[in-house]
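Peer 1: So that you have it, the file is start_5.tsv, and it contains TSV, C-alpha atoms:
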```
chain	number	residue	atom	x	y	z
S	1	MET	CA	-0.91	-48.51	149.84
S	2	LEU	CA	-1.95	-47.40	153.28
S	3	PHE	CA	0.68	-44.74	152.87
S	4	ALA	CA	-0.99	-43.45	149.72
S	5	ALA	CA	-4.43	-43.55	151.27
S	6	ASP	CA	-3.61	-41.28	154.20
S	7	ALA	CA	-0.06	-40.12	154.91
S	8	GLU	CA	0.67	-39.24	151.29
S	9	ARG	CA	-2.38	-37.02	151.06
S	10	ARG	CA	-1.38	-35.22	154.24
S	11	ILE	CA	2.22	-34.90	153.07
S	12	ASP	CA	0.89	-33.30	149.89
S	13	GLU	CA	-1.08	-30.78	151.90
S	14	ALA	CA	1.61	-29.93	154.43
S	15	TYR	CA	4.85	-30.25	152.47
S	16	VAL	CA	4.35	-30.64	148.73
S	17	ASN	CA	1.81	-27.87	148.33
S	18	THR	CA	3.99	-25.58	150.44
S	19	ARG	CA	7.02	-26.23	148.24
S	20	LYS	CA	9.05	-27.92	150.93
S	21	ILE	CA	9.21	-31.37	149.40
S	22	LYS	CA	8.97	-32.87	145.97
S	23	VAL	CA	7.79	-36.44	145.61
S	24	THR	CA	8.75	-38.83	142.86
S	25	TYR	CA	6.99	-42.12	142.26
S	26	LYS	CA	8.81	-45.24	141.07
S	27	HIS	CA	7.44	-48.67	140.40
S	28	PHE	CA	8.46	-51.57	142.57
S	29	LEU	CA	6.21	-54.54	141.95
S	30	VAL	CA	6.57	-56.95	144.82
S	31	VAL	CA	3.15	-58.56	144.85
S	32	ASP	CA	1.89	-60.10	141.63
S	33	PRO	CA	4.56	-58.48	139.42
S	34	ASN	CA	3.22	-60.08	136.26
S	35	GLY	CA	-0.48	-59.68	137.01
S	36	GLU	CA	-2.70	-56.85	138.10
S	37	SER	CA	0.14	-55.01	139.76
S	38	ASN	CA	1.90	-54.83	136.42
S	39	TRP	CA	-1.23	-53.67	134.61
S	40	ALA	CA	-1.77	-50.97	137.20
S	41	ALA	CA	1.80	-49.76	136.79
S	42	GLN	CA	1.42	-49.74	133.00
S	43	ALA	CA	-1.84	-47.88	133.36
S	44	THR	CA	-0.21	-45.10	135.40
S	45	GLU	CA	2.43	-44.71	132.69
S	46	CYS	CA	-0.31	-44.47	130.09
S	47	ALA	CA	-2.00	-41.80	132.20
S	48	ASN	CA	1.34	-40.02	132.38
S	49	GLU	CA	1.30	-39.84	128.57
S	50	GLN	CA	-1.71	-37.60	129.01
S	51	SER	CA	-0.07	-35.65	131.84
S	52	LYS	CA	-2.33	-37.17	134.46
S	53	PHE	CA	-0.07	-39.53	136.34
S	54	TRP	CA	-1.00	-38.23	139.78
S	55	ASP	CA	-4.68	-37.93	139.00
S	56	TYR	CA	-4.70	-41.54	137.92
S	57	HIS	CA	-2.55	-42.60	140.85
S	58	ASN	CA	-5.05	-40.96	143.20
S	59	LYS	CA	-7.91	-42.63	141.37
S	60	LEU	CA	-6.36	-46.07	141.86
S	61	VAL	CA	-5.80	-45.35	145.53
S	62	ALA	CA	-9.41	-44.30	145.90
S	63	GLU	CA	-10.85	-47.21	143.93
S	64	SER	CA	-8.62	-49.89	145.37
S	65	PRO	CA	-7.50	-48.85	148.83
S	66	GLY	CA	-4.68	-51.07	149.95
S	67	GLY	CA	-4.88	-52.86	146.60
S	68	ARG	CA	-7.92	-54.72	147.84
S	69	ASN	CA	-10.12	-54.30	144.80
S	70	SER	CA	-9.56	-55.82	141.43
S	71	LEU	CA	-7.30	-53.90	139.09
S	72	THR	CA	-8.22	-55.70	135.89
S	73	LYS	CA	-7.54	-54.08	132.57
S	74	ALA	CA	-11.25	-53.42	132.20
S	75	ASN	CA	-11.36	-51.60	135.52
S	76	LEU	CA	-8.18	-49.70	134.76
S	77	LYS	CA	-9.72	-48.45	131.52
S	78	LYS	CA	-12.90	-47.48	133.31
S	79	TYR	CA	-10.93	-45.46	135.87
S	80	ALA	CA	-9.16	-43.69	133.03
S	81	ALA	CA	-12.48	-42.70	131.52
S	82	ASP	CA	-13.68	-41.56	134.93
S	83	ILE	CA	-10.95	-38.94	135.11
S	84	GLN	CA	-11.53	-37.81	131.52
S	85	LEU	CA	-8.48	-39.34	129.94
S	86	ASP	CA	-8.64	-39.95	126.21
S	87	ALA	CA	-10.14	-43.42	126.46
S	88	ALA	CA	-9.07	-44.67	123.05
S	89	LYS	CA	-5.53	-43.49	123.45
S	90	PHE	CA	-5.33	-44.89	126.97
S	91	SER	CA	-6.74	-48.24	125.92
S	92	ALA	CA	-4.33	-48.57	123.01
S	93	CYS	CA	-1.44	-47.68	125.30
S	94	LEU	CA	-2.42	-50.20	127.96
S	95	ASP	CA	-2.98	-52.99	125.45
S	96	SER	CA	0.43	-52.37	123.91
S	97	SER	CA	2.30	-53.02	127.18
S	98	LYS	CA	4.85	-50.56	125.87
S	99	TYR	CA	5.98	-49.38	129.28
S	100	GLY	CA	7.11	-52.80	130.43
S	101	SER	CA	10.78	-51.96	130.08
S	102	ALA	CA	10.41	-48.62	131.88
S	103	ILE	CA	8.75	-50.38	134.78
S	104	GLN	CA	11.45	-53.02	134.82
S	105	ALA	CA	14.05	-50.25	135.00
S	106	ASP	CA	12.41	-48.89	138.17
S	107	ILE	CA	12.31	-52.38	139.65
S	108	ALA	CA	15.97	-52.93	138.80
S	109	GLU	CA	16.84	-49.66	140.55
S	110	ALA	CA	14.95	-50.75	143.66
S	111	GLN	CA	16.79	-54.07	143.67
S	112	ARG	CA	20.10	-52.32	143.19
S	113	LEU	CA	19.29	-50.24	146.27
S	114	GLY	CA	18.55	-53.44	148.18
S	115	LEU	CA	14.86	-52.68	148.68
S	116	ASP	CA	12.58	-55.59	149.45
S	117	SER	CA	9.16	-54.20	150.30
S	118	THR	CA	6.70	-51.50	149.39
S	119	PRO	CA	6.32	-48.75	149.97
S	120	THR	CA	9.96	-47.87	150.54
S	121	PHE	CA	11.15	-44.30	150.75
S	122	ILE	CA	14.36	-42.63	149.70
S	123	LEU	CA	14.75	-39.19	151.24
S	124	ASN	CA	17.45	-36.99	149.74
S	125	GLY	CA	19.24	-40.05	148.46
S	126	ARG	CA	19.10	-42.09	151.64
S	127	LYS	CA	16.76	-44.90	152.55
S	128	LEU	CA	14.22	-43.65	155.04
S	129	THR	CA	13.41	-46.07	157.79
S	130	VAL	CA	10.01	-45.58	159.33
S	131	THR	CA	8.27	-47.74	161.88
S	132	SER	CA	4.79	-46.91	160.65
S	133	MET	CA	2.93	-45.22	157.84
S	134	ASP	CA	1.68	-42.52	160.18
S	135	PHE	CA	1.86	-39.01	158.86
S	136	ALA	CA	3.16	-37.81	162.23
S	137	GLU	CA	6.30	-39.89	161.87
S	138	PHE	CA	7.02	-38.52	158.40
S	139	ALA	CA	6.29	-35.01	159.60
S	140	ARG	CA	8.71	-35.33	162.49
S	141	ILE	CA	11.51	-36.41	160.13
S	142	PHE	CA	10.73	-33.76	157.53
S	143	ASP	CA	10.53	-30.98	160.09
S	144	THR	CA	13.91	-31.93	161.52
S	145	LEU	CA	15.54	-31.78	158.11
S	146	LEU	CA	13.78	-28.57	157.14
S	147	LYS	CA	15.08	-26.63	160.16
K	1	MET	CA	-45.36	52.14	168.24
K	2	GLN	CA	-43.88	49.11	166.60
K	3	SER	CA	-43.20	45.97	168.46
K	4	ASN	CA	-39.91	44.29	168.03
K	5	PHE	CA	-41.70	41.69	165.90
K	6	GLN	CA	-43.07	44.33	163.56
K	7	LYS	CA	-39.71	45.95	163.22
K	8	GLY	CA	-38.33	42.68	161.96
K	9	ILE	CA	-35.03	41.23	162.64
K	10	GLN	CA	-32.40	43.67	161.93
K	11	MET	CA	-29.10	42.17	161.09
K	12	SER	CA	-25.97	44.10	161.40
K	13	PRO	CA	-23.54	44.09	158.44
K	14	ARG	CA	-21.42	40.94	158.31
K	15	ARG	CA	-18.02	41.45	159.65
K	16	ALA	CA	-15.16	39.12	159.89
K	17	ASP	CA	-14.66	37.61	163.28
K	18	PRO	CA	-11.70	39.47	164.67
K	19	LYS	CA	-10.46	36.23	166.26
K	20	LEU	CA	-10.45	34.38	162.93
K	21	LYS	CA	-8.81	37.26	161.24
K	22	LYS	CA	-6.15	37.17	163.87
K	23	GLN	CA	-5.64	33.42	163.35
K	24	ALA	CA	-5.35	33.85	159.59
K	25	GLN	CA	-2.84	36.52	160.07
K	26	SER	CA	-0.83	34.36	162.41
K	27	GLY	CA	-0.63	31.57	159.71
K	28	LYS	CA	-2.08	28.71	161.78
K	29	PRO	CA	-4.83	27.71	159.28
K	30	THR	CA	-2.30	27.64	156.43
K	31	TRP	CA	-0.09	25.34	158.44
K	32	ALA	CA	-3.02	23.04	159.24
K	33	ILE	CA	-4.11	22.94	155.59
K	34	ALA	CA	-0.59	22.15	154.47
K	35	LEU	CA	-0.39	19.35	157.00
K	36	GLY	CA	-3.75	17.99	155.85
K	37	ILE	CA	-2.69	18.06	152.21
K	38	GLY	CA	0.54	16.36	153.15
K	39	ILE	CA	-1.27	13.56	154.92
K	40	VAL	CA	-3.64	13.09	151.99
K	41	VAL	CA	-0.72	12.97	149.54
K	42	VAL	CA	1.20	10.44	151.64
K	43	VAL	CA	-1.85	8.22	152.18
K	44	GLY	CA	-2.71	8.44	148.50
K	45	ALA	CA	0.83	7.56	147.47
K	46	VAL	CA	0.89	4.57	149.80
K	47	ALA	CA	-2.48	3.40	148.53
K	48	LEU	CA	-1.38	3.82	144.91
K	49	PHE	CA	1.89	1.97	145.52
K	50	THR	CA	0.07	-0.86	147.26
K	51	LEU	CA	-2.39	-1.21	144.41
K	52	GLN	CA	0.29	-1.17	141.73
K	53	THR	CA	2.75	-3.52	143.46
K	54	PRO	CA	1.95	-7.09	142.50
K	55	ALA	CA	1.10	-9.03	145.61
K	56	THR	CA	3.10	-12.13	146.39
K	57	PRO	CA	1.15	-14.82	144.60
K	58	ALA	CA	-0.75	-16.95	147.03
K	59	TYR	CA	0.02	-20.60	146.79
K	60	SER	CA	-2.31	-22.64	144.73
K	61	PRO	CA	-1.76	-26.32	144.06
K	62	ALA	CA	-1.82	-25.60	140.35
K	63	SER	CA	1.28	-23.45	140.74
K	64	VAL	CA	3.30	-26.39	141.94
K	65	THR	CA	4.70	-28.29	139.04
K	66	SER	CA	3.79	-31.86	138.48
K	67	ALA	CA	6.22	-33.03	135.88
K	68	GLY	CA	5.39	-36.59	135.06
K	69	LYS	CA	5.86	-38.75	138.09
K	70	THR	CA	7.28	-35.96	140.23
K	71	LYS	CA	5.08	-33.51	142.09
K	72	GLY	CA	6.12	-30.42	143.98
K	73	ASP	CA	8.57	-27.58	143.60
K	74	PRO	CA	11.59	-28.73	141.56
K	75	ASN	CA	13.75	-26.64	143.90
K	76	ALA	CA	12.29	-28.09	147.11
K	77	LYS	CA	14.80	-28.73	149.87
K	78	LEU	CA	13.73	-32.33	150.29
K	79	GLU	CA	13.12	-35.00	147.70
K	80	LEU	CA	11.15	-38.07	148.62
K	81	VAL	CA	11.26	-41.00	146.20
K	82	VAL	CA	8.53	-43.53	146.79
K	83	PHE	CA	9.01	-47.05	145.49
K	84	SER	CA	5.61	-48.60	145.50
K	85	ASP	CA	2.95	-50.59	143.71
K	86	PHE	CA	-0.83	-50.67	143.68
K	87	LYS	CA	-1.46	-54.06	145.23
```
Step by step, read the file and then write its structure as structure tokens.

Peer 2:
Amino acid sequence: MLFAADAERRIDEAYVNTRKIKVTYKHFLVVDPNGESNWAAQATECANEQSKFWDYHNKLVAESPGGRNSLTKANLKKYAADIQLDAAKFSACLDSSKYGSAIQADIAEAQRLGLDSTPTFILNGRKLTVTSMDFAEFARIFDTLLK
Amino acid sequence: MQSNFQKGIQMSPRRADPKLKKQAQSGKPTWAIALGIGIVVVVGAVALFTLQTPATPAYSPASVTSAGKTKGDPNAKLELVVFSDFK
């Protein structure tokens, strides 16, 4: 999550907002796959129902940097309300666990690709190996490919 | 005997300046006016064209699509897929 807290924001500013890169998020639950990590993933899918996946993603990053803070269902619902999601709809969605299979599909894809840690990056179909989560390292790679 | 003051200022009948008359006859002022009009027309046309041509839309984050779990221009040269979790 250190990636999301810093490098991702800077990638957004320098590359996504300038139309050079598109970023897709996929779930890969390595730590606590049946606990809070799973609820958080479900919660982002429920936010996506209301077209606010990235807003909610950013909210989780802000509220629980590095996954340090508790991501209980109660907190997840509170965060949804904080960003003006339809609270009742969000709550019903989260309680239903209806995105379990979609999340499992992402996990299965990660396993098929031989991934074993998070975050892991696939750039134009190839696994991107980075030695750090520093924005500068990503920028160097992106700039080379964008030439 | 009247002083010059008492006589008042006597003005001679207005006559065209022979030099100006000569210039008008030679066509120089007409040429200058035509040039001036030309410049005004060109500047006006450029200004009008600039105002009517839609400017290239400046980037605003809202103009970049965010379709579901993908953010950025769908036609971007690079695609980064992030496999991650929140813990």

Peer 1: Counting all atoms listed in the file, find the residues whose atoms lie at most 10 Å from (14.1, -28.8, 153.4) (file coordinates) and write them out as number ranges by chain.

Peer 2: S: 15, 19-22, 124, 142-147; K: 75-79

Peer 1: Excluding same-chain residues fewer than 2 positions from segment 55-59 of chain S, what lies within 8 Å of it counting all atoms listed in the file, as a PyMOL selection string?

Peer 2: chain S and resi 44+47+52-53+61-63+79-80+83

Peer 1: When you get a sec, could you note down which chain S residues fall within 9 Å of chain K, using only C-alpha atoms, as number ranges by chain?

Peer 2: S: 1, 12, 15-32, 36-38, 40-41, 45, 48-49, 51-54, 57, 60-61, 64-69, 71, 106-107, 110, 115, 117-125, 142, 145-146

Peer 1: For atom CA of Ala92 of chain S and atom CA of Ala74 of chain S, quote the distance in Å rounded to one decimal.

Peer 2: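 A separation of 12.5 Å between them.
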
Peer 1: Would you pick out the contacts of segment 86-90 of chain S at 8 Å or less, using only C-alpha atoms, so that residues sharing its chain but fewer than 3 positions from it are not included, and give the list as a list of chain:residue names?

Peer 2: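 The contact residues come out as S:Ala43, S:Cys46, S:Ala47, S:Gln50, S:Lys77, S:Ala80, S:Ala81, S:Cys93, S:Leu94.
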